[in-house]
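A.B. asks: File name work.cif; file contents mmCIF, C-alpha atoms; full text below.
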```
data_upload
#
loop_
_atom_site.label_atom_id
_atom_site.label_comp_id
_atom_site.auth_asym_id
_atom_site.auth_seq_id
_atom_site.Cartn_x
_atom_site.Cartn_y
_atom_site.Cartn_z
CA MET A 966 19.69 -13.22 -26.62
CA PRO A 967 17.57 -13.83 -29.72
CA GLN A 968 15.49 -10.79 -30.66
CA GLN A 969 12.15 -12.20 -29.48
CA GLU A 970 13.52 -13.07 -26.05
CA ARG A 971 15.13 -9.64 -25.76
CA ALA A 972 11.79 -7.97 -26.58
CA HIS A 973 10.13 -10.17 -23.98
CA ALA A 974 12.72 -9.24 -21.33
CA THR A 975 12.34 -5.54 -22.15
CA ARG A 976 8.55 -5.77 -21.83
CA ALA A 977 8.91 -7.55 -18.47
CA SER A 978 11.30 -4.93 -17.11
CA ILE A 979 8.97 -2.12 -18.25
CA ILE A 980 6.12 -3.76 -16.31
CA VAL A 981 8.26 -3.99 -13.16
CA GLY A 982 9.36 -0.36 -13.60
CA ALA A 983 5.76 0.73 -14.14
CA ALA A 984 4.68 -1.16 -11.01
CA ALA A 985 7.38 0.57 -8.96
CA VAL A 986 6.25 4.01 -10.17
CA PHE A 987 2.47 3.34 -9.84
CA ASN A 988 3.09 1.91 -6.38
CA VAL A 989 4.72 5.09 -5.06
CA LYS A 990 3.06 7.78 -7.19
CA GLY A 991 -0.39 6.30 -7.84
CA PHE A 992 -1.97 6.17 -11.28
CA VAL A 993 -2.62 9.91 -11.59
CA SER A 994 0.89 11.17 -10.83
CA ALA A 995 2.80 8.39 -12.62
CA SER A 996 4.34 9.55 -15.91
CA LEU A 997 5.72 7.60 -18.85
CA ASP A 998 9.04 9.46 -18.46
CA LEU A 999 9.40 8.29 -14.85
CA ILE A 1000 8.48 4.74 -15.88
CA ALA A 1001 11.03 4.67 -18.72
CA ASP A 1002 13.73 5.92 -16.30
CA GLU A 1003 12.76 3.39 -13.61
CA ALA A 1004 12.79 0.52 -16.15
CA GLY A 1005 16.06 1.71 -17.71
CA VAL A 1006 14.62 1.84 -21.23
CA THR A 1007 14.20 4.61 -23.78
CA ARG A 1008 10.85 6.30 -24.41
CA GLY A 1009 10.97 4.66 -27.86
CA ALA A 1010 11.26 1.18 -26.39
CA LEU A 1011 8.45 1.95 -23.96
CA TYR A 1012 6.13 3.17 -26.74
CA PHE A 1013 7.03 0.14 -28.84
CA HIS A 1014 5.51 -2.10 -26.15
CA PHE A 1015 2.77 0.11 -24.64
CA ARG A 1016 0.68 2.83 -26.22
CA SER A 1017 -0.44 4.61 -23.04
CA LYS A 1018 -0.40 4.76 -19.27
CA ASP A 1019 -3.73 2.86 -19.29
CA ASP A 1020 -2.12 0.05 -21.29
CA LEU A 1021 0.75 -0.09 -18.81
CA ALA A 1022 -1.59 -0.13 -15.81
CA ASN A 1023 -3.62 -2.95 -17.37
CA ALA A 1024 -0.39 -4.89 -18.00
CA VAL A 1025 0.61 -4.45 -14.34
CA ILE A 1026 -2.84 -5.71 -13.22
CA ALA A 1027 -2.59 -8.73 -15.57
CA GLU A 1028 0.94 -9.56 -14.40
CA GLN A 1029 -0.08 -9.16 -10.73
CA HIS A 1030 -2.99 -11.52 -11.27
CA ARG A 1031 -0.72 -14.06 -13.00
CA ILE A 1032 1.77 -13.95 -10.10
CA SER A 1033 -1.02 -14.18 -7.48
CA ARG A 1034 -2.65 -17.14 -9.29
CA GLN A 1035 0.70 -18.93 -9.29
CA TYR A 1036 1.09 -18.41 -5.52
CA ALA A 1037 -2.52 -19.52 -5.06
CA GLU A 1038 -1.86 -22.81 -6.85
CA GLN A 1039 1.14 -23.43 -4.58
CA ALA A 1040 -0.98 -22.57 -1.53
CA LEU A 1041 -3.67 -25.02 -2.61
CA SER A 1042 -1.25 -27.85 -3.27
CA ALA A 1043 0.34 -27.33 0.16
CA ALA A 1044 -3.07 -27.45 1.88
CA GLY A 1045 -4.58 -30.58 3.43
CA SER A 1046 -8.18 -29.32 3.02
CA ALA A 1047 -10.19 -26.76 1.06
CA PHE A 1048 -10.52 -24.52 4.13
CA GLU A 1049 -6.78 -24.65 4.79
CA GLY A 1050 -6.33 -23.72 1.11
CA MET A 1051 -8.48 -20.60 1.57
CA ILE A 1052 -6.45 -19.55 4.60
CA ARG A 1053 -3.14 -20.20 2.82
CA MET A 1054 -4.32 -18.17 -0.19
CA CYS A 1055 -5.31 -15.20 1.98
CA ASP A 1056 -2.01 -15.39 3.89
CA GLY A 1057 -0.10 -15.72 0.61
CA LEU A 1058 -1.72 -12.65 -0.92
CA ALA A 1059 -0.97 -10.66 2.25
CA HIS A 1060 2.71 -11.64 1.93
CA GLN A 1061 2.74 -10.65 -1.74
CA LEU A 1062 1.09 -7.31 -0.91
CA VAL A 1063 3.82 -6.36 1.55
CA SER A 1064 6.79 -7.75 -0.40
CA GLU A 1065 6.13 -7.79 -4.17
CA VAL A 1066 5.94 -4.45 -5.92
CA VAL A 1067 3.98 -5.80 -8.91
CA VAL A 1068 1.34 -7.28 -6.61
CA SER A 1069 1.11 -4.17 -4.43
CA ALA A 1070 0.78 -1.90 -7.47
CA GLY A 1071 -1.61 -4.25 -9.29
CA ILE A 1072 -4.00 -4.44 -6.34
CA ARG A 1073 -3.83 -0.67 -5.80
CA LEU A 1074 -4.69 -0.13 -9.48
CA THR A 1075 -7.52 -2.70 -9.29
CA THR A 1076 -9.27 -0.85 -6.46
CA ASP A 1077 -8.60 2.52 -8.06
CA GLY A 1078 -12.01 3.95 -8.86
CA SER A 1079 -10.75 6.94 -10.76
CA ALA A 1080 -8.90 4.83 -13.28
CA SER A 1081 -12.14 3.35 -14.60
CA ILE A 1082 -10.47 2.59 -17.92
CA LEU A 1083 -8.65 -0.27 -16.21
CA SER A 1084 -9.74 -3.90 -16.58
CA ALA A 1085 -10.42 -4.46 -12.90
CA THR A 1086 -13.39 -6.82 -13.15
CA ASP A 1087 -11.77 -10.08 -14.33
CA PRO A 1088 -9.60 -10.65 -11.24
CA TYR A 1089 -12.57 -10.25 -8.87
CA GLU A 1090 -14.67 -12.71 -10.88
CA ASP A 1091 -11.77 -15.15 -11.10
CA TRP A 1092 -11.17 -15.16 -7.31
CA MET A 1093 -14.90 -15.45 -6.66
CA ARG A 1094 -15.10 -18.58 -8.83
CA THR A 1095 -12.10 -20.07 -6.99
CA PHE A 1096 -13.61 -19.35 -3.57
CA GLU A 1097 -17.01 -20.65 -4.65
CA ASN A 1098 -15.36 -23.95 -5.62
CA LEU A 1099 -13.33 -24.10 -2.41
CA THR A 1100 -16.46 -23.41 -0.32
CA SER A 1101 -18.26 -26.30 -2.08
CA MET A 1102 -15.28 -28.55 -1.42
CA ALA A 1103 -15.07 -27.50 2.26
CA ARG A 1104 -18.77 -28.38 2.58
CA ASP A 1105 -18.24 -31.75 0.89
CA GLU A 1106 -15.24 -32.39 3.14
CA GLY A 1107 -17.47 -31.89 6.19
CA ASP A 1108 -15.72 -28.75 7.48
CA PHE A 1109 -18.39 -26.24 6.40
CA LEU A 1110 -22.06 -26.26 7.41
CA GLU A 1111 -24.50 -27.99 5.02
CA THR A 1112 -26.50 -24.73 4.89
CA VAL A 1113 -23.61 -22.65 3.51
CA ASP A 1114 -24.27 -21.18 0.04
CA PRO A 1115 -20.91 -21.25 -1.84
CA GLU A 1116 -21.80 -18.46 -4.26
CA ARG A 1117 -22.95 -16.06 -1.52
CA VAL A 1118 -19.90 -16.89 0.61
CA ALA A 1119 -17.52 -16.16 -2.29
CA LYS A 1120 -19.39 -12.97 -3.15
CA PHE A 1121 -18.77 -11.78 0.39
CA ILE A 1122 -15.24 -13.02 1.18
CA ILE A 1123 -13.54 -11.60 -1.94
CA PRO A 1124 -15.02 -8.08 -1.47
CA ALA A 1125 -14.39 -8.28 2.31
CA TYR A 1126 -10.71 -9.15 1.75
CA THR A 1127 -10.53 -6.36 -0.86
CA GLY A 1128 -11.78 -3.86 1.71
CA VAL A 1129 -9.61 -5.22 4.53
CA GLN A 1130 -6.40 -4.79 2.52
CA LEU A 1131 -7.53 -1.42 1.10
CA VAL A 1132 -8.32 0.10 4.50
CA SER A 1133 -5.18 -1.43 6.06
CA ASP A 1134 -3.20 0.16 3.20
CA THR A 1135 -4.96 3.55 3.55
CA LEU A 1136 -4.75 3.79 7.35
CA HIS A 1137 -1.54 1.94 8.23
CA GLY A 1138 0.46 1.24 5.05
CA ARG A 1139 -0.53 -2.45 5.51
CA ALA A 1140 1.31 -2.70 8.87
CA ASP A 1141 -1.75 -4.39 10.46
CA LEU A 1142 -2.71 -6.47 7.40
CA PHE A 1143 -2.01 -9.93 8.83
CA GLU A 1144 -3.84 -9.14 12.09
CA ARG A 1145 -6.88 -7.85 10.16
CA VAL A 1146 -6.98 -10.91 7.86
CA ARG A 1147 -6.82 -13.23 10.89
CA ASP A 1148 -9.64 -11.29 12.58
CA MET A 1149 -11.73 -11.55 9.39
CA TRP A 1150 -11.53 -15.34 9.56
CA GLU A 1151 -12.09 -15.43 13.34
CA LEU A 1152 -15.38 -13.60 12.77
CA LEU A 1153 -16.38 -15.71 9.74
CA ILE A 1154 -15.63 -19.19 11.13
CA PRO A 1155 -18.81 -19.47 13.26
CA GLY A 1156 -20.99 -18.70 10.20
CA LEU A 1157 -19.12 -21.16 7.97
CA VAL A 1158 -17.70 -24.07 9.95
CA ARG A 1159 -19.60 -26.95 11.57
CA PRO A 1160 -19.51 -26.60 15.38
CA ASP A 1161 -17.63 -29.90 15.80
CA ARG A 1162 -14.97 -28.76 13.28
CA ILE A 1163 -14.37 -25.23 14.66
CA ASP A 1164 -11.40 -26.04 16.93
CA ALA A 1165 -9.62 -28.09 14.24
CA ASN A 1166 -10.13 -25.37 11.62
CA ARG A 1167 -9.35 -22.40 13.83
CA ARG A 1168 -5.84 -23.84 14.16
CA HIS A 1169 -5.21 -22.99 10.48
CA LEU A 1170 -5.44 -19.27 11.34
CA GLU A 1171 -2.00 -19.58 12.94
CA LEU A 1172 -0.69 -19.83 9.36
CA ILE A 1173 -1.58 -16.16 8.85
CA LYS A 1174 1.50 -14.32 10.05
CA ARG A 1175 4.24 -12.14 8.75
CA MET B 1381 -29.52 37.19 -0.24
CA PRO B 1382 -26.86 38.81 1.96
CA GLN B 1383 -23.37 38.40 0.55
CA GLN B 1384 -22.21 35.75 3.03
CA GLU B 1385 -25.24 33.55 2.38
CA ARG B 1386 -24.79 33.97 -1.35
CA ALA B 1387 -21.15 32.87 -1.06
CA HIS B 1388 -22.27 29.90 1.00
CA ALA B 1389 -24.88 28.89 -1.58
CA THR B 1390 -22.35 29.21 -4.41
CA ARG B 1391 -19.88 27.02 -2.52
CA ALA B 1392 -22.59 24.40 -1.91
CA SER B 1393 -23.62 24.31 -5.57
CA ILE B 1394 -19.98 23.97 -6.64
CA ILE B 1395 -19.63 20.94 -4.35
CA VAL B 1396 -22.75 19.32 -5.86
CA GLY B 1397 -21.50 20.09 -9.39
CA ALA B 1398 -18.09 18.66 -8.54
CA ALA B 1399 -19.70 15.51 -7.11
CA ALA B 1400 -21.73 15.04 -10.31
CA VAL B 1401 -18.59 15.33 -12.46
CA PHE B 1402 -16.36 13.15 -10.21
CA ASN B 1403 -19.13 10.56 -10.04
CA VAL B 1404 -19.29 10.11 -13.81
CA LYS B 1405 -15.72 10.95 -14.88
CA GLY B 1406 -13.69 9.81 -11.89
CA PHE B 1407 -11.02 11.98 -10.28
CA VAL B 1408 -8.49 11.73 -13.11
CA SER B 1409 -10.75 12.79 -15.98
CA ALA B 1410 -12.71 15.45 -14.08
CA SER B 1411 -11.71 19.01 -15.06
CA LEU B 1412 -12.35 22.32 -13.35
CA ASP B 1413 -14.00 23.59 -16.56
CA LEU B 1414 -16.53 20.75 -16.55
CA ILE B 1415 -17.20 21.32 -12.84
CA ALA B 1416 -17.77 25.08 -13.31
CA ASP B 1417 -20.20 24.31 -16.18
CA GLU B 1418 -22.03 21.64 -14.16
CA ALA B 1419 -22.34 23.98 -11.16
CA GLY B 1420 -23.39 26.92 -13.32
CA VAL B 1421 -20.65 29.20 -11.98
CA THR B 1422 -17.76 31.05 -13.59
CA ARG B 1423 -14.19 29.78 -13.35
CA GLY B 1424 -13.53 32.90 -11.25
CA ALA B 1425 -16.20 31.95 -8.71
CA LEU B 1426 -14.88 28.39 -8.63
CA TYR B 1427 -11.29 29.54 -7.98
CA PHE B 1428 -12.52 31.96 -5.32
CA HIS B 1429 -13.79 28.98 -3.31
CA PHE B 1430 -11.38 26.16 -4.25
CA ARG B 1431 -7.74 26.32 -5.26
CA SER B 1432 -7.49 22.95 -7.00
CA LYS B 1433 -9.19 19.70 -7.99
CA ASP B 1434 -7.73 18.12 -4.82
CA ASP B 1435 -9.41 20.82 -2.71
CA LEU B 1436 -12.72 20.14 -4.47
CA ALA B 1437 -12.43 16.38 -4.02
CA ASN B 1438 -11.67 16.84 -0.32
CA ALA B 1439 -14.71 19.12 0.00
CA VAL B 1440 -16.90 16.45 -1.67
CA ILE B 1441 -15.56 13.81 0.76
CA ALA B 1442 -16.19 16.10 3.75
CA GLU B 1443 -19.73 16.93 2.58
CA GLN B 1444 -20.47 13.25 1.89
CA HIS B 1445 -19.30 12.34 5.38
CA ARG B 1446 -21.45 15.12 6.90
CA ILE B 1447 -24.54 13.87 5.00
CA SER B 1448 -23.85 10.25 5.91
CA ARG B 1449 -23.33 11.10 9.60
CA GLN B 1450 -26.68 12.91 9.59
CA TYR B 1451 -28.44 9.84 8.13
CA ALA B 1452 -26.61 7.65 10.64
CA GLU B 1453 -27.93 9.71 13.55
CA GLN B 1454 -31.48 9.31 12.20
CA ALA B 1455 -30.90 5.57 11.75
CA LEU B 1456 -29.70 5.25 15.34
CA SER B 1457 -32.59 7.21 16.80
CA ALA B 1458 -35.08 5.03 14.85
CA ALA B 1459 -33.47 1.83 16.15
CA GLY B 1460 -34.67 -0.13 19.18
CA SER B 1461 -31.25 -1.66 19.86
CA ALA B 1462 -27.56 -1.13 19.03
CA PHE B 1463 -27.60 -4.05 16.57
CA GLU B 1464 -30.69 -2.71 14.80
CA GLY B 1465 -28.85 0.63 14.63
CA MET B 1466 -25.89 -1.02 12.85
CA ILE B 1467 -28.24 -2.65 10.33
CA ARG B 1468 -30.15 0.61 9.74
CA MET B 1469 -26.87 2.49 9.23
CA CYS B 1470 -25.64 -0.05 6.65
CA ASP B 1471 -29.01 0.02 4.85
CA GLY B 1472 -29.05 3.83 4.98
CA LEU B 1473 -25.60 4.16 3.43
CA ALA B 1474 -26.59 1.71 0.68
CA HIS B 1475 -29.61 3.93 -0.11
CA GLN B 1476 -27.42 7.04 -0.16
CA LEU B 1477 -24.91 5.30 -2.44
CA VAL B 1478 -27.55 4.53 -5.07
CA SER B 1479 -29.49 7.80 -4.81
CA GLU B 1480 -27.30 10.70 -3.62
CA VAL B 1481 -24.65 11.93 -6.01
CA VAL B 1482 -22.53 13.58 -3.28
CA VAL B 1483 -22.44 10.32 -1.30
CA SER B 1484 -21.69 8.19 -4.35
CA ALA B 1485 -18.89 10.52 -5.46
CA GLY B 1486 -17.53 10.98 -1.92
CA ILE B 1487 -17.24 7.23 -1.32
CA ARG B 1488 -15.68 6.67 -4.76
CA LEU B 1489 -13.09 9.36 -3.99
CA THR B 1490 -12.45 7.88 -0.53
CA THR B 1491 -11.54 4.46 -1.94
CA ASP B 1492 -9.57 5.99 -4.78
CA GLY B 1493 -6.00 4.89 -4.25
CA SER B 1494 -4.50 7.03 -6.99
CA ALA B 1495 -5.78 10.24 -5.46
CA SER B 1496 -3.56 9.78 -2.42
CA ILE B 1497 -3.62 13.51 -1.78
CA LEU B 1498 -7.19 13.14 -0.54
CA SER B 1499 -8.11 13.07 3.15
CA ALA B 1500 -9.58 9.58 3.11
CA THR B 1501 -8.50 8.40 6.56
CA ASP B 1502 -10.80 10.41 8.89
CA PRO B 1503 -14.10 8.88 7.66
CA TYR B 1504 -12.83 5.31 8.18
CA GLU B 1505 -11.63 6.09 11.70
CA ASP B 1506 -14.87 7.90 12.51
CA TRP B 1507 -17.07 4.95 11.39
CA MET B 1508 -14.81 2.50 13.22
CA ARG B 1509 -15.26 4.43 16.48
CA THR B 1510 -19.05 4.46 15.97
CA PHE B 1511 -19.17 0.70 15.28
CA GLU B 1512 -16.86 -0.03 18.21
CA ASN B 1513 -19.30 1.80 20.51
CA LEU B 1514 -22.34 0.09 18.97
CA THR B 1515 -20.67 -3.32 19.37
CA SER B 1516 -20.02 -2.59 23.05
CA MET B 1517 -23.64 -1.52 23.46
CA ALA B 1518 -24.96 -4.62 21.65
CA ARG B 1519 -22.88 -6.74 24.03
CA ASP B 1520 -24.20 -4.86 27.07
CA GLU B 1521 -27.74 -5.22 25.72
CA GLY B 1522 -27.29 -9.01 25.63
CA ASP B 1523 -27.54 -9.38 21.85
CA PHE B 1524 -23.82 -9.94 21.18
CA LEU B 1525 -21.63 -12.67 22.66
CA GLU B 1526 -19.64 -11.78 25.80
CA THR B 1527 -16.47 -12.86 23.98
CA VAL B 1528 -16.87 -10.31 21.15
CA ASP B 1529 -14.04 -7.73 20.97
CA PRO B 1530 -15.65 -4.40 19.90
CA GLU B 1531 -12.45 -2.91 18.46
CA ARG B 1532 -11.67 -5.98 16.33
CA VAL B 1533 -15.27 -6.21 15.14
CA ALA B 1534 -15.31 -2.55 14.06
CA LYS B 1535 -11.91 -2.94 12.39
CA PHE B 1536 -13.38 -5.73 10.27
CA ILE B 1537 -16.94 -4.53 9.56
CA ILE B 1538 -16.02 -1.06 8.23
CA PRO B 1539 -13.38 -2.41 5.79
CA ALA B 1540 -15.67 -5.32 4.83
CA TYR B 1541 -18.52 -2.92 3.99
CA THR B 1542 -16.03 -0.73 2.11
CA GLY B 1543 -15.03 -3.69 -0.04
CA VAL B 1544 -18.60 -4.93 -0.50
CA GLN B 1545 -19.79 -1.59 -1.90
CA LEU B 1546 -16.60 -1.11 -3.95
CA VAL B 1547 -16.81 -4.51 -5.65
CA SER B 1548 -20.59 -4.18 -6.16
CA ASP B 1549 -19.89 -0.80 -7.80
CA THR B 1550 -17.04 -2.16 -9.95
CA LEU B 1551 -18.82 -5.34 -11.11
CA HIS B 1552 -22.52 -4.35 -11.20
CA GLY B 1553 -22.85 -0.56 -10.81
CA ARG B 1554 -24.22 -1.27 -7.30
CA ALA B 1555 -27.24 -3.22 -8.68
CA ASP B 1556 -26.62 -6.06 -6.17
CA LEU B 1557 -25.56 -3.82 -3.26
CA PHE B 1558 -28.51 -4.51 -0.94
CA GLU B 1559 -28.28 -8.28 -1.49
CA ARG B 1560 -24.53 -8.25 -0.76
CA VAL B 1561 -24.96 -6.15 2.42
CA ARG B 1562 -27.66 -8.57 3.66
CA ASP B 1563 -25.39 -11.55 2.92
CA MET B 1564 -22.55 -9.86 4.81
CA TRP B 1565 -24.70 -9.71 7.96
CA GLU B 1566 -26.10 -13.24 7.44
CA LEU B 1567 -22.51 -14.51 7.52
CA LEU B 1568 -21.47 -12.31 10.46
CA ILE B 1569 -24.42 -12.95 12.79
CA PRO B 1570 -23.24 -16.41 14.02
CA GLY B 1571 -19.86 -14.91 15.05
CA LEU B 1572 -21.42 -11.91 16.81
CA VAL B 1573 -24.85 -12.74 18.20
CA ARG B 1574 -25.70 -14.96 21.19
CA PRO B 1575 -27.34 -18.21 20.00
CA ASP B 1576 -30.58 -17.43 21.86
CA ARG B 1577 -30.76 -13.98 20.22
CA ILE B 1578 -30.05 -15.04 16.61
CA ASP B 1579 -33.67 -15.43 15.44
CA ALA B 1580 -34.75 -12.10 16.95
CA ASN B 1581 -31.79 -10.25 15.45
CA ARG B 1582 -31.85 -11.90 12.05
CA ARG B 1583 -35.28 -10.31 11.58
CA HIS B 1584 -33.61 -6.87 11.38
CA LEU B 1585 -31.94 -7.93 8.11
CA GLU B 1586 -35.34 -7.52 6.42
CA LEU B 1587 -34.75 -3.77 6.83
CA ILE B 1588 -31.99 -3.98 4.20
CA LYS B 1589 -33.85 -3.53 0.95
CA ARG B 1590 -34.14 -1.13 -1.90
#
```
Once more with this new file: its structure as structure tokens, please.

C.D. replies:
Amino acid sequence: MPQQERAHATRASIIVGAAAVFNVKGFVSASLDLIADEAGVTRGALYFHFRSKDDLANAVIAEQHRISRQYAEQALSAAGSAFEGMIRMCDGLAHQLVSEVVVSAGIRLTTDGSASILSATDPYEDWMRTFENLTSMARDEGDFLETVDPERVAKFIIPAYTGVQLVSDTLHGRADLFERVRDMWELLIPGLVRPDRIDANRRHLELIKR
Amino acid sequence: MPQQERAHATRASIIVGAAAVFNVKGFVSASLDLIADEAGVTRGALYFHFRSKDDLANAVIAEQHRISRQYAEQALSAAGSAFEGMIRMCDGLAHQLVSEVVVSAGIRLTTDGSASILSATDPYEDWMRTFENLTSMARDEGDFLETVDPERVAKFIIPAYTGVQLVSDTLHGRADLFERVRDMWELLIPGLVRPDRIDANRRHLELIKR
């Protein structure tokens, strides 16, 4: 491998190693030694790429968000409507949370209040913008009520999903995540969807499953 | 003061000092030295009451939950219906979050993923039981739809509120908390409340204000 590619591959494997350690140990108990061992690199290589545990945690969050955005784009292109896109995105993130260590660790670090040094605000604002746009589209497509305020909807759904996955993680190690995400949408549909479109749109909730 | 009362008062002031430090510094950066200084006690007195930072954080969470339960009981006794009780409880916790340091710190520690040593599960389960009962009552009182499932409702509302306050804290230092809590209920009412009871119940949302 040329040197630049090798450096890039090393950096990527450090991020995956860091995610694995943060995911099990949490931010507080994770150490750079453990991360170097997990990634199979020397301390020197680790310090060449990252100055501190904060830097590493921020890199895991950024990589998680990149991965999740990529899945989200796939979810949207597979969807026949804006509302179906929202459901596919929520289902997709649930799958990533239970199966991808970088996503699991990135989301845990994002909601981690004690690590206030971390750049946790950008992902929230990014998802809120996406959901605001999708809510506008769903209204234009005639699925959502005319009275729905896209900004307020987005500013509720993103925090609500954040809490749903956090509490499912805290109480049940995410074992009930898909059920809780489906219930979230069951409860939200009457406040969002036009009465004559409820049956057609409720069918999309069947997409949310392990 | 008799010795036992004095010990009790010292313990209480350590908890308040710890809350003040956790609230500003977060769990990771808080130190026992800072906490002893903030509480105005010696390290010896601090170690007499608490063995570790984990112990202190758990004591702050327990004290926060005790305070919040007390407010919740007041909210319920002031309410004319189960639904009004839910709204008053959510408004009350928002007030505590912006004005009581023990509550602010306790909730931040509860949602703190990296401090996985902390006993964060009991409060969630306690609030879920309370909201499950209130949902049953609101259904029996004719405000909520017959089809509403109290357990599923509680298992969504408590996590949703958790996320709403967490994201409001992360993005805006809780400046938009009351607005976000009101929006949460605006969006939930159509999925919970009987159509003929919506206007009467929506009026309770005016209680949610700073």

A.B. asks: Once you count all atoms listed in the file, what closest atom pair and distance in Å to one decimal does each residue of chain A within 9 Å of chain B have, with rows by chain and rising residue number, as a Markdown table?

C.D. replies:
```
| residue | atom | partner | partner_atom | distance |
| --- | --- | --- | --- | --- |
| A:Phe987 | CA | B:Ser1494 | CA | 8.4 |
| A:Lys990 | CA | B:Ser1494 | CA | 7.6 |
| A:Gly991 | CA | B:Ser1494 | CA | 4.3 |
| A:Phe992 | CA | B:Ser1494 | CA | 5.1 |
| A:Val993 | CA | B:Ser1494 | CA | 5.7 |
| A:Ser994 | CA | B:Ser1494 | CA | 7.8 |
| A:Arg1073 | CA | B:Gly1493 | CA | 6.2 |
| A:Leu1074 | CA | B:Gly1493 | CA | 7.4 |
| A:Thr1076 | CA | B:Gly1493 | CA | 7.0 |
| A:Asp1077 | CA | B:Asp1492 | CA | 4.9 |
| A:Gly1078 | CA | B:Asp1492 | CA | 5.2 |
| A:Ser1079 | CA | B:Gly1406 | CA | 4.3 |
| A:Ala1080 | CA | B:Val1408 | CA | 6.9 |
| A:Ser1081 | CA | B:Gly1406 | CA | 7.2 |
| A:Ala1085 | CA | B:Thr1550 | CA | 7.6 |
| A:Thr1086 | CA | B:Leu1551 | CA | 6.0 |
| A:Tyr1089 | CA | B:Val1547 | CA | 7.8 |
| A:Glu1090 | CA | B:Leu1551 | CA | 8.5 |
| A:Arg1117 | CA | B:Asp1563 | CA | 6.8 |
| A:Val1118 | CA | B:Leu1567 | CA | 7.8 |
| A:Lys1120 | CA | B:Arg1560 | CA | 7.4 |
| A:Phe1121 | CA | B:Met1564 | CA | 6.1 |
| A:Ile1122 | CA | B:Ala1540 | CA | 8.5 |
| A:Ile1123 | CA | B:Gly1543 | CA | 8.3 |
| A:Pro1124 | CA | B:Gly1543 | CA | 4.6 |
| A:Ala1125 | CA | B:Ala1540 | CA | 4.1 |
| A:Tyr1126 | CA | B:Ala1540 | CA | 7.0 |
| A:Thr1127 | CA | B:Gly1543 | CA | 5.3 |
| A:Gly1128 | CA | B:Gly1543 | CA | 3.7 |
| A:Val1129 | CA | B:Pro1539 | CA | 4.9 |
| A:Gln1130 | CA | B:Pro1539 | CA | 8.1 |
| A:Leu1131 | CA | B:Pro1539 | CA | 7.6 |
| A:Val1132 | CA | B:Pro1539 | CA | 5.8 |
| A:Ser1133 | CA | B:Pro1539 | CA | 8.3 |
| A:Thr1135 | CA | B:Thr1501 | CA | 6.7 |
| A:Leu1136 | CA | B:Thr1501 | CA | 6.0 |
| A:Arg1145 | CA | B:Phe1536 | CA | 6.8 |
| A:Val1146 | CA | B:Phe1536 | CA | 8.6 |
| A:Asp1148 | CA | B:Arg1532 | CA | 6.8 |
| A:Met1149 | CA | B:Phe1536 | CA | 6.1 |
| A:Glu1151 | CA | B:Gly1571 | CA | 8.0 |
| A:Leu1152 | CA | B:Gly1571 | CA | 5.2 |
| A:Leu1153 | CA | B:Leu1568 | CA | 6.2 |
| A:Ile1154 | CA | B:Gly1571 | CA | 7.2 |
| A:Pro1155 | CA | B:Gly1571 | CA | 5.0 |
| A:Gly1156 | CA | B:Pro1570 | CA | 5.0 |
| A:Leu1157 | CA | B:Leu1567 | CA | 7.5 |
```

A.B. asks: Give me, please, the distance in Å between atom CA of A:Ala1037 and atom CA of A:Gln1061, quoted to one decimal.

C.D. replies: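 Those two atoms sit 10.8 Å apart.
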
A.B. asks: What does the distance between atom CA of A:Ala1022 and atom CA of A:Asp1002 come to in Å, to one decimal place?

C.D. replies: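 Between atom CA of A:Ala1022 and atom CA of A:Asp1002 the gap is 16.5 Å.
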
A.B. asks: Do you know which residues the PyMOL selection byres ((chain A and resi 1068) around 8) returns on this file, as a count of residues only?

C.D. replies: 14

A.B. asks: Would you mind listing what lies within 10 Å of A:Ile1052 as a VMD selection string, with only C-alpha atoms counted and same-chain residues fewer than 5 positions away left out?

C.D. replies: chain A and resid 1040 to 1041 1044 1047 1057 1146 to 1147 1150 1166 1169 to 1173

A.B. asks: Can you tell me how far atom CA of A:Val1006 sits from atom CA of A:Ala1024, in Å to one decimal?

C.D. replies: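 A separation of 16.8 Å between them.
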
A.B. asks: So, with all atoms listed in the file as the atoms that count, which of B:Thr1510, B:Thr1515, B:Ser1461, B:Thr1390 lies closest to B:His1429?

C.D. replies: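 Of B:Thr1510, B:Thr1515, B:Ser1461, B:Thr1390, the one nearest B:His1429, counting all atoms listed in the file, is B:Thr1390.
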
A.B. asks: Might I get the box with edges along x, y and z of the file that holds all atoms of stretch 1417-1436 of chain B listed there, padded by 3 Å on every side, given as centre and edge lengths in Å to one decimal, as AutoDock Vina command-line options?

C.D. replies:
```
--center_x -15.4 --center_y 25.5 --center_z -9.4 --size_x 21.9 --size_y 20.8 --size_z 19.5
```

A.B. asks: Given the point (-19.7, -2.5, 17.4) in the coordinates of this file, which residues lie within 6 Å, counting only C-alpha atoms, and how would they look as a ChimeraX atom specification?

C.D. replies: /B:1511-1516,1530,1534
